[in-house]
Amino acid sequence: MTEPDVAQLQRRLAEFAAARNWQQYHTPKNLVAALSVEASELVEIFQWLTPEESARVMSDPKKASRVTDEVADVLAYLLQLCEVLDIDPLAALSAKIDRNEERFPVDGT
């Protein structure tokens with residue numbers, strides 16, 4: 001089975017929302033708020049872990065499942081926001097990396 005690409009995932013998310021008549025709620029403001037909430041839920045998992053514990057979080061099946069679900073929620077809202085605002089997320093990321101490479105050159109020493 002071929003892994004889905006970004007456009008396919010955005011289509012699935014749009015179809016899911018349309019089938020439930022949720023697109024009326026998927027305004028940029030609401031999607032950004034939901035994205036923030038889901039990112040905060042991801043932070044909550046790591047909040048009181050030591051750096052060492054956080055590096056091992058995926059070795060605990062229960063925590064790994066929670067992390068995976070929250071990452072999926074963050075990505076889902078981000079992809080929906082990009083769809084609503086007509087942003088190509090991969091192109092945006094590539095352009096940002098280009099700007100960062102110029103802004104933060106590798107020190108030659």
# chains A, B, ... in the order shown; residues from 1 in each chain; ligands from 1
>>> residues_around(residues="Lys63 of chain A", least_positions_apart="6", cutoff="12 Å", atoms="only C-alpha atoms", output="PyMOL selection string")
chain A and resi 42+44-46+49+53-57+69-70
>>> residues_around(residues="segment 1-18 of chain A", least_positions_apart="6", cutoff="9 Å", atoms="only C-alpha atoms", output="PDB file with N, CA, C and O atoms, in the first residue's frame")
ATOM      1  N   GLN A  24     -18.213  24.564   8.233  1.00  0.00           N
ATOM      2  CA  GLN A  24     -18.638  25.894   8.690  1.00  0.00           C
ATOM      3  C   GLN A  24     -17.842  26.364   9.904  1.00  0.00           C
ATOM      4  O   GLN A  24     -17.708  27.559  10.159  1.00  0.00           O
ATOM      5  N   HIS A  26     -14.630  25.454  10.379  1.00  0.00           N
ATOM      6  CA  HIS A  26     -13.212  25.395  10.049  1.00  0.00           C
ATOM      7  C   HIS A  26     -12.720  26.715   9.463  1.00  0.00           C
ATOM      8  O   HIS A  26     -12.183  26.775   8.368  1.00  0.00           O
ATOM      9  N   ALA A  76      -3.183  17.229  11.687  1.00  0.00           N
ATOM     10  CA  ALA A  76      -4.497  17.343  11.049  1.00  0.00           C
ATOM     11  C   ALA A  76      -4.975  18.794  11.032  1.00  0.00           C
ATOM     12  O   ALA A  76      -5.414  19.306   9.984  1.00  0.00           O
ATOM     13  N   LEU A  79      -2.773  20.868   8.639  1.00  0.00           N
ATOM     14  CA  LEU A  79      -3.110  20.619   7.233  1.00  0.00           C
ATOM     15  C   LEU A  79      -4.447  21.259   6.856  1.00  0.00           C
ATOM     16  O   LEU A  79      -4.598  21.791   5.757  1.00  0.00           O
ATOM     17  N   GLN A  80      -5.410  21.226   7.772  1.00  0.00           N
ATOM     18  CA  GLN A  80      -6.694  21.873   7.492  1.00  0.00           C
ATOM     19  C   GLN A  80      -6.535  23.381   7.386  1.00  0.00           C
ATOM     20  O   GLN A  80      -7.136  24.019   6.512  1.00  0.00           O
ATOM     21  N   CYS A  82      -3.817  24.974   6.446  1.00  0.00           N
ATOM     22  CA  CYS A  82      -3.150  25.214   5.162  1.00  0.00           C
ATOM     23  C   CYS A  82      -4.142  25.120   4.004  1.00  0.00           C
ATOM     24  O   CYS A  82      -4.086  25.928   3.071  1.00  0.00           O
ATOM     25  N   GLU A  83      -5.041  24.168   4.070  1.00  0.00           N
ATOM     26  CA  GLU A  83      -6.061  24.008   3.019  1.00  0.00           C
ATOM     27  C   GLU A  83      -6.950  25.246   2.955  1.00  0.00           C
ATOM     28  O   GLU A  83      -7.207  25.801   1.875  1.00  0.00           O
ATOM     29  N   PRO A  89       1.955  23.409   2.417  1.00  0.00           N
ATOM     30  CA  PRO A  89       2.810  23.286   3.602  1.00  0.00           C
ATOM     31  C   PRO A  89       4.230  22.847   3.284  1.00  0.00           C
ATOM     32  O   PRO A  89       5.175  23.307   3.924  1.00  0.00           O
ATOM     33  N   LEU A  90       4.409  21.982   2.301  1.00  0.00           N
ATOM     34  CA  LEU A  90       5.758  21.526   1.964  1.00  0.00           C
ATOM     35  C   LEU A  90       6.559  22.633   1.300  1.00  0.00           C
ATOM     36  O   LEU A  90       7.748  22.815   1.592  1.00  0.00           O
TER      37      LEU A  90
END
>>> closest_residue(among="A:Ala19, A:Ala92, A:Leu81, A:Ile87", to="Ala33 of chain A", atoms="only C-alpha atoms")
A:Leu81
>>> atom_distance(atom1="atom CA of Ala72 of chain A", atom2="atom CA of Val32 of chain A")
15.1 Å
